[in-house]
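Undergrad: What follows is a single structure, and I will ask about it in a moment.
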Amino acid sequence: MTSLGARSLVMAAFAASTAFGAACSPAASDGAIPSADPKTDGSETGRGTGAAPGGATTPAPGGDAGSSTTDASTEPRTNGFPAKWIDGTACGTDPEIQTWKYSEDTFILRQSLCTTFEGPFMYLFVGASKALLVDTGTGGVDLRGEVTKILAGKNVQLVVAHSHSHGDHVGGDGAFKNQPGTTVVGLQPATVKAFFGIASDAPGVFDLGGRVVDVLAIPGHQAAHVAYYDHETRLLLTGDTLYPGRLYIDDWNSYRTSVPRLVAFVDAQRPVSFVLGGHIELPKTGPDFQYGTQVHPNEHALELGDKDLRELDTAVKAMGNTPTREVHATFIISP
Ligand SMILES: [Zn+2]
Ligand SMILES: [Zn+2]
């Protein structure tokens, strides 16, 4: 964020493969490619978060298998997570978007790394009257076509919203604008808050028809950042605030307020099955993938858990006024 010249170089280097700039990667702004850090403890990066890859599961509140204290009968059956996301290692045959049916009415979509090194994840929650799409990727791929296929036969209005307003999360908005039965939420913090009824620190409540999603403002990575909590699946979407990769922070004071707010939000009767973010930038073991690479062999799982959120909270609190790069097993704080 401080040295746009260096950032432009990085952006130019990847312009050929990305429709939009590397908006989520302010660490590139100082020209430094995050280096391998010996503190990375690969032995823990692949630890389970409650779902066997590819296996059916019910959400495990708290993110830890075996620690469930809630009635599993109230939770929807899910398909867990795929054994492997498209990871840029098979660009000749991989689709531009991988769609994963997490549950009967919950979908996770990944834009191929072959189309953008950001490889962003997008989420679709379907209720009885509305469907909520969170994020649209970088654009340049047929996300609307994919969403339309998923929603075929469902009589729902589509609401297109975002985790935050960086280009790799809003780049596909254009395809949804001025489409029948579709609302695209704006990108300014005030617009987002007004749409979801977010009042200051209190979450907004968005009803999809028999399915309620709570929306909490969590600025810091970017000013319009929000988190989504789906009561049905107990999934917590954290965008670029927490994911298995480099957590870039634009406004530290906001970020270090938002993370404890997110913990308090969870603690207020919102048990988390999994924490799902916007990217994967870690392998199962070893240091993070080099910034800008479009090949992610042996990727870390997408899903994190409640304990990762609390680990982030503890780390952020310990940093106080002075954020520093800090490598954890499942994320890297990269102010
Ligand atoms: Zn971002
Ligand atoms: Zn991003």
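Each chain in the structure tokens gets a letter, A, B and so on, in the order shown; residues start at 1 in every chain, and ligands are counted from 1 in the order they appear.
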Mind listing the residues within 12 Å of ligand 1, only C-alpha atoms and all ligand atoms counted, as a ChimeraX atom specification?
TA: /A:21-27,118,120-121,135,137-138,162-171,219-226,238-243,245-250,277-279
Undergrad: Near Thr148 in chain A, within 12 Å and counting only C-alpha atoms, which residues show up once chain neighbours fewer than 3 positions away are dropped, as number ranges by chain?
TA: A: 124, 131, 133, 142-145, 151-158, 175-176, 179-182
Undergrad: Write to file, as an mmCIF file, in the first residue's frame, the residues of the selection just made, with C-alpha atoms.
TA:
data_model
loop_
_atom_site.group_PDB
_atom_site.id
_atom_site.type_symbol
_atom_site.label_atom_id
_atom_site.label_comp_id
_atom_site.auth_asym_id
_atom_site.auth_seq_id
_atom_site.Cartn_x
_atom_site.Cartn_y
_atom_site.Cartn_z
ATOM 1 C CA LEU A 124 -23.595 -19.672 -2.822
ATOM 2 C CA ALA A 131 -29.936 -17.098 -3.092
ATOM 3 C CA LEU A 133 -23.699 -15.342 -3.841
ATOM 4 C CA ASP A 142 -18.519 -17.694 -16.862
ATOM 5 C CA LEU A 143 -19.502 -17.514 -13.210
ATOM 6 C CA ARG A 144 -23.026 -16.388 -14.015
ATOM 7 C CA GLY A 145 -23.488 -19.407 -16.242
ATOM 8 C CA LEU A 151 -30.222 -22.282 -9.531
ATOM 9 C CA ALA A 152 -32.101 -23.848 -12.441
ATOM 10 C CA GLY A 153 -35.588 -24.837 -11.335
ATOM 11 C CA LYS A 154 -35.347 -22.847 -8.135
ATOM 12 C CA ASN A 155 -37.664 -19.885 -7.885
ATOM 13 C CA VAL A 156 -35.293 -17.551 -6.090
ATOM 14 C CA GLN A 157 -34.044 -14.001 -6.391
ATOM 15 C CA LEU A 158 -30.275 -13.811 -6.651
ATOM 16 C CA ALA A 175 -22.107 -10.219 -15.664
ATOM 17 C CA PHE A 176 -24.773 -10.043 -12.938
ATOM 18 C CA GLN A 179 -29.954 -9.251 -15.062
ATOM 19 C CA PRO A 180 -33.529 -10.255 -14.223
ATOM 20 C CA GLY A 181 -34.160 -11.310 -10.659
ATOM 21 C CA THR A 182 -30.690 -10.237 -9.638
#
Undergrad: Got a sec to tell me which of range 165-334 of chain A DSSP assigns to strand (DSSP E), as an MDAnalysis selection string?
TA: chainID A and resid 182:184 204:207 212:217 226:230 235:239 246:248 274:277 326:327 332:334
Undergrad: Could those selected residues go to a file with N, CA and C atoms, as a CSV table (one decimal), in the first residue's frame?
TA:
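See result_29.csv below for the written result:
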chain,number,residue,atom,x,y,z
A,182,THR,N,-32.0,-10.3,-10.2
A,182,THR,CA,-30.7,-10.2,-9.6
A,182,THR,C,-30.4,-8.9,-9.1
A,183,THR,N,-29.9,-8.8,-7.8
A,183,THR,CA,-29.5,-7.6,-7.2
A,183,THR,C,-28.0,-7.7,-6.9
A,184,VAL,N,-27.2,-6.7,-7.3
A,184,VAL,CA,-25.8,-6.7,-7.0
A,184,VAL,C,-25.5,-5.6,-6.0
A,204,GLY,N,-25.9,-7.5,10.8
A,204,GLY,CA,-27.2,-7.5,10.1
A,204,GLY,C,-27.7,-8.9,10.0
A,205,VAL,N,-29.0,-9.0,9.7
A,205,VAL,CA,-29.6,-10.3,9.6
A,205,VAL,C,-30.3,-10.4,8.2
A,206,PHE,N,-29.9,-11.4,7.4
A,206,PHE,CA,-30.4,-11.5,6.0
A,206,PHE,C,-31.1,-12.8,5.9
A,207,ASP,N,-32.4,-12.7,5.6
A,207,ASP,CA,-33.2,-13.9,5.5
A,207,ASP,C,-33.4,-14.3,4.0
A,212,VAL,N,-31.3,-18.1,7.5
A,212,VAL,CA,-30.8,-16.8,7.9
A,212,VAL,C,-29.3,-16.8,7.9
A,213,VAL,N,-28.8,-15.7,7.4
A,213,VAL,CA,-27.4,-15.4,7.3
A,213,VAL,C,-27.1,-14.1,8.1
A,214,ASP,N,-26.2,-14.1,9.0
A,214,ASP,CA,-25.9,-12.9,9.8
A,214,ASP,C,-24.6,-12.3,9.1
A,215,VAL,N,-24.5,-11.0,9.1
A,215,VAL,CA,-23.5,-10.3,8.4
A,215,VAL,C,-22.8,-9.3,9.4
A,216,LEU,N,-21.5,-9.5,9.6
A,216,LEU,CA,-20.8,-8.6,10.5
A,216,LEU,C,-19.7,-7.8,9.8
A,217,ALA,N,-19.6,-6.6,10.1
A,217,ALA,CA,-18.6,-5.7,9.6
A,217,ALA,C,-17.2,-6.1,10.2
A,226,VAL,N,-16.8,-7.8,5.3
A,226,VAL,CA,-17.8,-8.3,6.2
A,226,VAL,C,-17.6,-9.8,6.3
A,227,ALA,N,-18.1,-10.4,7.4
A,227,ALA,CA,-18.1,-11.9,7.5
A,227,ALA,C,-19.6,-12.3,7.5
A,228,TYR,N,-19.8,-13.5,7.0
A,228,TYR,CA,-21.1,-14.1,6.9
A,228,TYR,C,-21.2,-15.4,7.7
A,229,TYR,N,-22.2,-15.5,8.5
A,229,TYR,CA,-22.5,-16.7,9.3
A,229,TYR,C,-23.8,-17.3,8.8
A,230,ASP,N,-23.8,-18.5,8.3
A,230,ASP,CA,-25.0,-19.2,7.9
A,230,ASP,C,-25.4,-20.1,9.0
A,235,LEU,N,-21.5,-22.5,8.8
A,235,LEU,CA,-20.2,-22.0,8.1
A,235,LEU,C,-20.0,-20.5,8.4
A,236,LEU,N,-18.8,-20.2,8.6
A,236,LEU,CA,-18.4,-18.8,8.8
A,236,LEU,C,-17.5,-18.4,7.6
A,237,LEU,N,-17.9,-17.4,6.8
A,237,LEU,CA,-17.1,-16.9,5.7
A,237,LEU,C,-16.3,-15.7,6.2
A,238,THR,N,-15.0,-15.8,6.1
A,238,THR,CA,-14.1,-14.8,6.6
A,238,THR,C,-13.3,-14.1,5.5
A,239,GLY,N,-13.6,-14.4,4.2
A,239,GLY,CA,-13.0,-13.7,3.1
A,239,GLY,C,-11.5,-13.7,3.2
A,246,ARG,N,-1.6,-15.8,3.3
A,246,ARG,CA,-1.1,-14.5,3.8
A,246,ARG,C,-2.2,-13.5,4.1
A,247,LEU,N,-2.3,-13.1,5.4
A,247,LEU,CA,-3.4,-12.2,5.8
A,247,LEU,C,-2.8,-10.8,5.7
A,248,TYR,N,-3.1,-10.2,4.5
A,248,TYR,CA,-2.7,-8.8,4.3
A,248,TYR,C,-3.6,-7.8,5.0
A,274,PHE,N,-17.1,-24.7,10.2
A,274,PHE,CA,-15.8,-24.4,9.5
A,274,PHE,C,-15.7,-22.9,9.2
A,275,VAL,N,-14.5,-22.5,9.2
A,275,VAL,CA,-14.2,-21.1,8.8
A,275,VAL,C,-13.6,-21.2,7.3
A,276,LEU,N,-14.3,-20.5,6.4
A,276,LEU,CA,-14.0,-20.6,5.0
A,276,LEU,C,-13.6,-19.2,4.5
A,277,GLY,N,-12.4,-19.1,3.9
A,277,GLY,CA,-11.9,-17.8,3.4
A,277,GLY,C,-11.9,-17.7,1.9
A,326,GLU,N,4.0,-12.8,11.0
A,326,GLU,CA,4.1,-13.9,11.9
A,326,GLU,C,3.5,-15.2,11.3
A,327,VAL,N,4.3,-16.2,11.3
A,327,VAL,CA,3.9,-17.4,10.6
A,327,VAL,C,3.3,-18.4,11.6
A,332,ILE,N,-0.7,-16.8,7.9
A,332,ILE,CA,0.5,-16.0,8.1
A,332,ILE,C,0.0,-14.5,8.2
A,333,ILE,N,0.2,-13.9,9.3
A,333,ILE,CA,-0.2,-12.5,9.5
A,333,ILE,C,0.9,-11.7,8.7
A,334,SER,N,0.4,-10.9,7.7
A,334,SER,CA,1.3,-10.3,6.8
A,334,SER,C,1.0,-8.8,6.7
Undergrad: Just the number, please: distance in Å from CA of Phe195 in chain A to CA of Leu262 in chain A, one decimal.
TA: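 Straight-line distance from CA of Phe195 in chain A to CA of Leu262 in chain A works out to 19.6 Å.
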Undergrad: Name the closest residue to ligand 2 among the candidates A:Gly174, A:Pro244, A:Gly92, A:Pro203; distances are taken between atoms, counting only C-alpha atoms and all ligand atoms.
TA: A:Pro244
Undergrad: Might you pull out every residue within 12 Å of range 96-101 of chain A, with only C-alpha atoms counted and same-chain residues fewer than 6 positions away left off, and present them as a ChimeraX atom specification?
TA: /A:54,56,77-88,90,107-116,119-126,136-147,149-150
Undergrad: Could you tell me which of A:Ile280, A:Ala202, A:Val160, A:Val316 comes closest to ligand 2 if we count only C-alpha atoms and all ligand atoms?
TA: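 Counting only C-alpha atoms and all ligand atoms, the residue closest to ligand 2 is A:Ile280.
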Undergrad: Write down as a PyMOL selection string the residues belonging to range 224-324 of chain A that are assigned helix (DSSP H, G or I) by DSSP computed on the backbone.
TA: chain A and resi 252-267+306-319
Undergrad: Could you give me, as a ChimeraX atom specification, the residues within 10 Å of Gly320 in chain A, counting only C-alpha atoms and dropping anything in the same chain fewer than 5 positions from it?
TA: /A:252-253,256,315
Undergrad: Output N, CA and C atoms of each residue in that selection to a file, as a tab-separated table (two decimals), in the first residue's frame.
TA:
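Result went into result.tsv, see below:
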chain	number	residue	atom	x	y	z
A	252	TRP	N	-4.46	-1.62	10.28
A	252	TRP	CA	-4.21	-2.48	11.44
A	252	TRP	C	-5.17	-2.20	12.59
A	253	ASN	N	-5.41	-0.91	12.86
A	253	ASN	CA	-6.29	-0.60	13.99
A	253	ASN	C	-7.69	-1.16	13.78
A	256	ARG	N	-7.41	-5.16	14.10
A	256	ARG	CA	-7.25	-5.70	15.46
A	256	ARG	C	-8.47	-5.43	16.33
A	315	ALA	N	-3.00	-13.91	18.64
A	315	ALA	CA	-1.79	-13.36	18.01
A	315	ALA	C	-1.93	-11.86	17.75
Undergrad: Out of A:Thr106, A:Glu311, A:Gly197, A:Tyr291, which residue has the shortest atom-to-atom distance to Pro260 in chain A when counting only C-alpha atoms?
TA: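 Closest to Pro260 in chain A, using only C-alpha atoms: A:Glu311.
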